[in-house]
Amino acid sequence: MTDMDAILSRLSAIQKGYIEDPYTELFVGRLSRSQQVPRPPVINRGTHIRTYAIDNVINQFLSSTSRAQIISLGSGSDTRFWRYSGDDRIFKYIEVDFDELTSRKIMHIRKSDVLSSKLDEDVVIEAGGSRLLSNRYKLLPTDLRTADLNALINPHVNHDIPTLVLCECVLVYMPQDASNRILRWLGQSFNDVLVLVYEMTGIDDKFGQTMLRNLKARGVELPGVSTYDKDKYIEAGLTKSDTRDLEYIRNTLVSTKEKERISKLEILDEIEELSLILQHYSISWGMKSINNTINVHL
Ligand SMILES: C[S@@+](CC[C@H](N)C(=O)[O-])C[C@H]1O[C@@H](n2cnc3c(N)ncnc32)[C@H](O)[C@@H]1O
């Protein structure tokens with residue numbers, strides 16, 4: 001799934017009432033909007049559970065601290081900085097992506113008074129329009145496979161503040177060695193850190209293999225796709241780690257009230273297909289909390 005797929009799927013779920021987000025459409029250009037077609041109900045349901053689950057973990061993380069940093073790797077057109085901009089517990093919010101993506105995001109931010117108004121007044125745009133720095137929000141261009149993470153991130157963070165690192169559909173795009181290097185850097189650099197990874201999983205069975213083939217046919221290669229490996233997080237210096245698939249999360253985390261609300265939005269005939277899809281996407285996490293400030297359950 002590319003960033004454009006991600007944003008158009010989100011837009012479809014927003015338009016059908018699954019999720020509330022006034023900012024996503026501000027990141028969709030006119031051309032992309034004309035390509036937009038409503039996604040099938042199974043995809044909208046999946047987008048809803050993914051967003052609900054990640055927001056839920058973010059909310060748990062924020063409620064365990066009065067001051068937090070969020071680093072979003074491969075942030076694409078994610079709108080969470082804007083959705084959470086009223087939350088004073090967030091001290092710094094750092095997004096990282098390829099310069100092509102950060103330049104496009106900066107262009108949309110500059111064009112929109114709504115998006116710009118949520119930034120501090122001290123905005124500096126540099127590196128040919130691909131890097132945005134403000135006191136609270138930073139948008140940094142790089143290739144994460146080869147980036148010098150100390151040079152990229154250290155000037156913008158405080159290593160003693162509880163830090164949430166979002167990796168939503170990004171590590172899967174890079175070789176395992178590259179994502180292991182990032183995990184190790186996170187495990188070694190922060191005292192209190194929660195690394196949240198959302199991506200495709202369960203690729204060994206027939207359904208998983210078909211999903212991979214379909215993506216490959218569309219030119220999407222996933223060199224980092226793998227099954228969950230607890231050791232990977234532990235070896236990186238994170239002391240606790242676990243994983244849950246979206247099917248489990250739908251059954252345990254999504255409230256009855258919310259399930260009732262979304263069941264009324266559109267008719268869903270493909271109940272078994274939805275269940276299979278949800279079993280093939282997971283949230284996994286690794287955390288280290290020397291000061292016991294992070295407490296998250298899924
Ligand atoms: C599927 S999109 C997900 C975007 C966003 N996290 C979301 O879930 O809506 C994957 C993002 O990861 C970024 N990405 C992939 N490989 C990367 C790399 N090596 N360095 C920086 N960004 C990368 C892509 O440019 C893209 O924006």
# chains A, B, ... in the order shown; residues from 1 in each chain; ligands from 1
call {"tool": "residues_around", "arguments": {"residues": "Ile109 of chain A", "least_positions_apart": "3", "cutoff": "12 Å", "atoms": "only C-alpha atoms", "output": "VMD selection string"}}
result
chain A and resid 23 to 29 77 79 81 to 82 102 to 106 112 to 119 123 125 129 to 130 132 139
call {"tool": "residues_near_ligand", "arguments": {"ligand": "ligand 1", "cutoff": "6 Å", "atoms": "only C-alpha atoms and all ligand atoms", "output": "PyMOL selection string"}}
result
chain A and resi 1-3+6+74-78+97-98+142-145+168-170+173-174
call {"tool": "write_last_selection", "arguments": {"atoms": "N, CA and C atoms", "output": "PDB file, in the first residue's frame"}}
result
ATOM      1  N   MET A   1       0.849  -1.209   0.000  1.00  0.00           N
ATOM      2  CA  MET A   1       0.000   0.000   0.000  1.00  0.00           C
ATOM      3  C   MET A   1       0.882   1.255   0.000  1.00  0.00           C
ATOM      4  N   THR A   2       0.694   2.110  -0.939  1.00  0.00           N
ATOM      5  CA  THR A   2       1.495   3.327  -0.975  1.00  0.00           C
ATOM      6  C   THR A   2       0.809   4.398  -0.130  1.00  0.00           C
ATOM      7  N   ASP A   3       1.504   5.534   0.007  1.00  0.00           N
ATOM      8  CA  ASP A   3       0.882   6.605   0.784  1.00  0.00           C
ATOM      9  C   ASP A   3      -0.431   7.051   0.140  1.00  0.00           C
ATOM     10  N   ALA A   6      -3.093   4.768   1.087  1.00  0.00           N
ATOM     11  CA  ALA A   6      -3.443   4.957   2.507  1.00  0.00           C
ATOM     12  C   ALA A   6      -4.365   6.171   2.661  1.00  0.00           C
ATOM     13  N   GLY A  74       8.056   7.283   8.380  1.00  0.00           N
ATOM     14  CA  GLY A  74       7.260   6.982   7.181  1.00  0.00           C
ATOM     15  C   GLY A  74       5.855   7.520   7.358  1.00  0.00           C
ATOM     16  N   SER A  75       5.774   8.781   7.801  1.00  0.00           N
ATOM     17  CA  SER A  75       4.471   9.364   8.193  1.00  0.00           C
ATOM     18  C   SER A  75       3.560   9.627   7.005  1.00  0.00           C
ATOM     19  N   GLY A  76       4.137   9.715   5.797  1.00  0.00           N
ATOM     20  CA  GLY A  76       3.305   9.969   4.612  1.00  0.00           C
ATOM     21  C   GLY A  76       2.389  11.156   4.841  1.00  0.00           C
ATOM     22  N   SER A  77       1.111  10.976   4.515  1.00  0.00           N
ATOM     23  CA  SER A  77       0.137  12.069   4.677  1.00  0.00           C
ATOM     24  C   SER A  77      -0.666  11.923   5.963  1.00  0.00           C
ATOM     25  N   ASP A  78      -0.112  11.219   6.933  1.00  0.00           N
ATOM     26  CA  ASP A  78      -0.835  11.036   8.198  1.00  0.00           C
ATOM     27  C   ASP A  78      -1.208  12.400   8.785  1.00  0.00           C
ATOM     28  N   ASP A  97       9.942  11.204   6.400  1.00  0.00           N
ATOM     29  CA  ASP A  97       9.592  10.449   5.175  1.00  0.00           C
ATOM     30  C   ASP A  97      10.570  10.851   4.073  1.00  0.00           C
ATOM     31  N   PHE A  98      10.471  10.212   2.920  1.00  0.00           N
ATOM     32  CA  PHE A  98      11.300  10.599   1.771  1.00  0.00           C
ATOM     33  C   PHE A  98      11.059  12.077   1.437  1.00  0.00           C
ATOM     34  N   THR A 142      14.214  12.158   4.639  1.00  0.00           N
ATOM     35  CA  THR A 142      15.371  11.250   4.622  1.00  0.00           C
ATOM     36  C   THR A 142      14.977   9.914   4.015  1.00  0.00           C
ATOM     37  N   ASP A 143      15.977   9.104   3.743  1.00  0.00           N
ATOM     38  CA  ASP A 143      15.726   7.699   3.439  1.00  0.00           C
ATOM     39  C   ASP A 143      16.108   6.929   4.704  1.00  0.00           C
ATOM     40  N   LEU A 144      15.111   6.379   5.364  1.00  0.00           N
ATOM     41  CA  LEU A 144      15.351   5.738   6.666  1.00  0.00           C
ATOM     42  C   LEU A 144      16.278   4.527   6.587  1.00  0.00           C
ATOM     43  N   ARG A 145      16.425   3.959   5.402  1.00  0.00           N
ATOM     44  CA  ARG A 145      17.296   2.780   5.276  1.00  0.00           C
ATOM     45  C   ARG A 145      18.755   3.130   5.546  1.00  0.00           C
ATOM     46  N   GLU A 168       3.764   3.071  11.063  1.00  0.00           N
ATOM     47  CA  GLU A 168       2.515   2.548  10.499  1.00  0.00           C
ATOM     48  C   GLU A 168       2.754   2.225   9.032  1.00  0.00           C
ATOM     49  N   CYS A 169       2.842   0.958   8.712  1.00  0.00           N
ATOM     50  CA  CYS A 169       3.046   0.511   7.322  1.00  0.00           C
ATOM     51  C   CYS A 169       4.311   1.092   6.727  1.00  0.00           C
ATOM     52  N   VAL A 170       5.423   1.021   7.412  1.00  0.00           N
ATOM     53  CA  VAL A 170       6.654   1.561   6.833  1.00  0.00           C
ATOM     54  C   VAL A 170       7.820   0.569   6.885  1.00  0.00           C
ATOM     55  N   TYR A 173       8.509  -1.917   4.099  1.00  0.00           N
ATOM     56  CA  TYR A 173       9.072  -1.472   2.814  1.00  0.00           C
ATOM     57  C   TYR A 173      10.594  -1.529   2.788  1.00  0.00           C
ATOM     58  N   MET A 174      11.205  -1.829   3.945  1.00  0.00           N
ATOM     59  CA  MET A 174      12.670  -1.826   3.921  1.00  0.00           C
ATOM     60  C   MET A 174      13.224  -3.179   4.360  1.00  0.00           C
TER      61      MET A 174
END
call {"tool": "residues_around", "arguments": {"residues": "Arg184 of chain A", "least_positions_apart": "3", "cutoff": "12 Å", "atoms": "only C-alpha atoms", "output": "JSON, numbers by chain"}}
result
{"A": [149, 177, 178, 179, 180, 181, 187, 188, 189, 190, 193, 195, 231, 232, 233, 234, 235, 236, 237, 238, 239, 286, 287, 288]}
call {"tool": "select_by_dssp", "arguments": {"residues": "segment 2-65 of chain A", "states": "helix (DSSP H, G or I)", "output": "MDAnalysis selection string"}}
result
chainID A and resid 3:15 24:27 30:35 41:63
call {"tool": "decode", "arguments": {"residues": "segment 173-206 of chain A", "atoms": "N, CA, C and O atoms", "output": "short mmCIF file (atom, residue, chain, number, x, y, z; two decimals), in the first residue's frame"}}
result
data_model
loop_
_atom_site.label_atom_id
_atom_site.label_comp_id
_atom_site.auth_asym_id
_atom_site.auth_seq_id
_atom_site.Cartn_x
_atom_site.Cartn_y
_atom_site.Cartn_z
N TYR A 173 8.51 -1.92 4.10
CA TYR A 173 9.07 -1.47 2.81
C TYR A 173 10.59 -1.53 2.79
O TYR A 173 11.20 -1.25 1.77
N MET A 174 11.20 -1.83 3.95
CA MET A 174 12.67 -1.83 3.92
C MET A 174 13.22 -3.18 4.36
O MET A 174 12.55 -3.93 5.06
N PRO A 175 14.46 -3.49 3.94
CA PRO A 175 15.04 -4.77 4.33
C PRO A 175 15.10 -4.90 5.85
O PRO A 175 15.21 -3.90 6.56
N GLN A 176 15.02 -6.15 6.34
CA GLN A 176 15.04 -6.41 7.79
C GLN A 176 16.23 -5.73 8.49
O GLN A 176 16.08 -5.19 9.57
N ASP A 177 17.39 -5.77 7.82
CA ASP A 177 18.59 -5.19 8.44
C ASP A 177 18.39 -3.71 8.75
O ASP A 177 18.83 -3.20 9.78
N ALA A 178 17.73 -3.03 7.80
CA ALA A 178 17.52 -1.59 7.96
C ALA A 178 16.55 -1.33 9.12
O ALA A 178 16.77 -0.42 9.94
N SER A 179 15.46 -2.12 9.20
CA SER A 179 14.51 -1.84 10.29
C SER A 179 15.10 -2.28 11.63
O SER A 179 14.86 -1.64 12.66
N ASN A 180 15.92 -3.35 11.64
CA ASN A 180 16.57 -3.74 12.90
C ASN A 180 17.51 -2.65 13.40
O ASN A 180 17.61 -2.39 14.60
N ARG A 181 18.18 -2.01 12.45
CA ARG A 181 19.11 -0.93 12.83
C ARG A 181 18.32 0.22 13.48
O ARG A 181 18.74 0.80 14.49
N ILE A 182 17.15 0.53 12.93
CA ILE A 182 16.31 1.61 13.48
C ILE A 182 15.83 1.22 14.89
O ILE A 182 15.90 2.01 15.84
N LEU A 183 15.37 -0.03 15.03
CA LEU A 183 14.89 -0.49 16.35
C LEU A 183 16.00 -0.41 17.39
O LEU A 183 15.79 0.03 18.51
N ARG A 184 17.21 -0.83 16.98
CA ARG A 184 18.34 -0.80 17.92
C ARG A 184 18.65 0.64 18.35
O ARG A 184 18.88 0.93 19.51
N TRP A 185 18.59 1.53 17.37
CA TRP A 185 18.87 2.93 17.68
C TRP A 185 17.84 3.47 18.68
O TRP A 185 18.18 4.16 19.65
N LEU A 186 16.58 3.10 18.47
CA LEU A 186 15.52 3.57 19.37
C LEU A 186 15.72 2.98 20.77
O LEU A 186 15.63 3.68 21.77
N GLY A 187 16.03 1.67 20.80
CA GLY A 187 16.21 0.98 22.09
C GLY A 187 17.38 1.56 22.87
O GLY A 187 17.35 1.60 24.10
N GLN A 188 18.40 2.01 22.15
CA GLN A 188 19.60 2.52 22.84
C GLN A 188 19.50 4.01 23.17
O GLN A 188 20.15 4.49 24.09
N SER A 189 18.69 4.75 22.42
CA SER A 189 18.72 6.21 22.55
C SER A 189 17.76 6.78 23.58
O SER A 189 17.95 7.90 24.03
N PHE A 190 16.69 6.05 23.88
CA PHE A 190 15.66 6.62 24.76
C PHE A 190 15.52 5.80 26.04
O PHE A 190 15.67 4.58 26.03
N ASN A 191 15.19 6.47 27.13
CA ASN A 191 14.97 5.77 28.39
C ASN A 191 13.57 5.18 28.47
O ASN A 191 13.37 4.09 28.97
N ASP A 192 12.60 5.95 27.97
CA ASP A 192 11.21 5.51 28.01
C ASP A 192 10.64 5.62 26.61
O ASP A 192 10.35 6.72 26.13
N VAL A 193 10.50 4.47 25.97
CA VAL A 193 10.09 4.51 24.56
C VAL A 193 9.12 3.37 24.26
O VAL A 193 9.29 2.25 24.76
N LEU A 194 8.12 3.70 23.48
CA LEU A 194 7.18 2.68 22.99
C LEU A 194 7.23 2.74 21.46
O LEU A 194 6.97 3.79 20.88
N VAL A 195 7.61 1.62 20.86
CA VAL A 195 7.67 1.57 19.39
C VAL A 195 6.46 0.76 18.92
O VAL A 195 6.31 -0.41 19.28
N LEU A 196 5.62 1.39 18.15
CA LEU A 196 4.37 0.76 17.71
C LEU A 196 4.47 0.49 16.21
O LEU A 196 4.69 1.41 15.43
N VAL A 197 4.34 -0.78 15.85
CA VAL A 197 4.50 -1.15 14.44
C VAL A 197 3.19 -1.74 13.94
O VAL A 197 2.69 -2.73 14.50
N TYR A 198 2.64 -1.12 12.90
CA TYR A 198 1.42 -1.67 12.29
C TYR A 198 1.78 -2.15 10.90
O TYR A 198 2.34 -1.40 10.11
N GLU A 199 1.49 -3.41 10.61
CA GLU A 199 1.72 -3.87 9.25
C GLU A 199 1.09 -5.21 8.98
O GLU A 199 0.46 -5.81 9.84
N MET A 200 1.26 -5.64 7.73
CA MET A 200 0.74 -6.93 7.29
C MET A 200 1.46 -8.05 8.02
O MET A 200 2.65 -7.93 8.32
N THR A 201 0.73 -9.12 8.29
CA THR A 201 1.35 -10.22 9.04
C THR A 201 0.73 -11.54 8.58
O THR A 201 -0.10 -11.54 7.68
N GLY A 202 1.11 -12.65 9.19
CA GLY A 202 0.50 -13.94 8.84
C GLY A 202 0.64 -14.27 7.37
O GLY A 202 -0.27 -14.79 6.73
N ILE A 203 1.83 -14.00 6.84
CA ILE A 203 2.01 -14.13 5.39
C ILE A 203 2.29 -15.55 4.94
O ILE A 203 2.41 -15.81 3.75
N ASP A 204 2.39 -16.47 5.91
CA ASP A 204 2.76 -17.83 5.51
C ASP A 204 1.58 -18.65 5.00
O ASP A 204 1.77 -19.66 4.35
N ASP A 205 0.36 -18.23 5.31
CA ASP A 205 -0.76 -19.05 4.87
C ASP A 205 -1.23 -18.64 3.47
O ASP A 205 -0.69 -17.71 2.86
N LYS A 206 -2.25 -19.37 2.99
CA LYS A 206 -2.69 -19.18 1.60
C LYS A 206 -3.19 -17.75 1.35
O LYS A 206 -2.85 -17.11 0.36
#
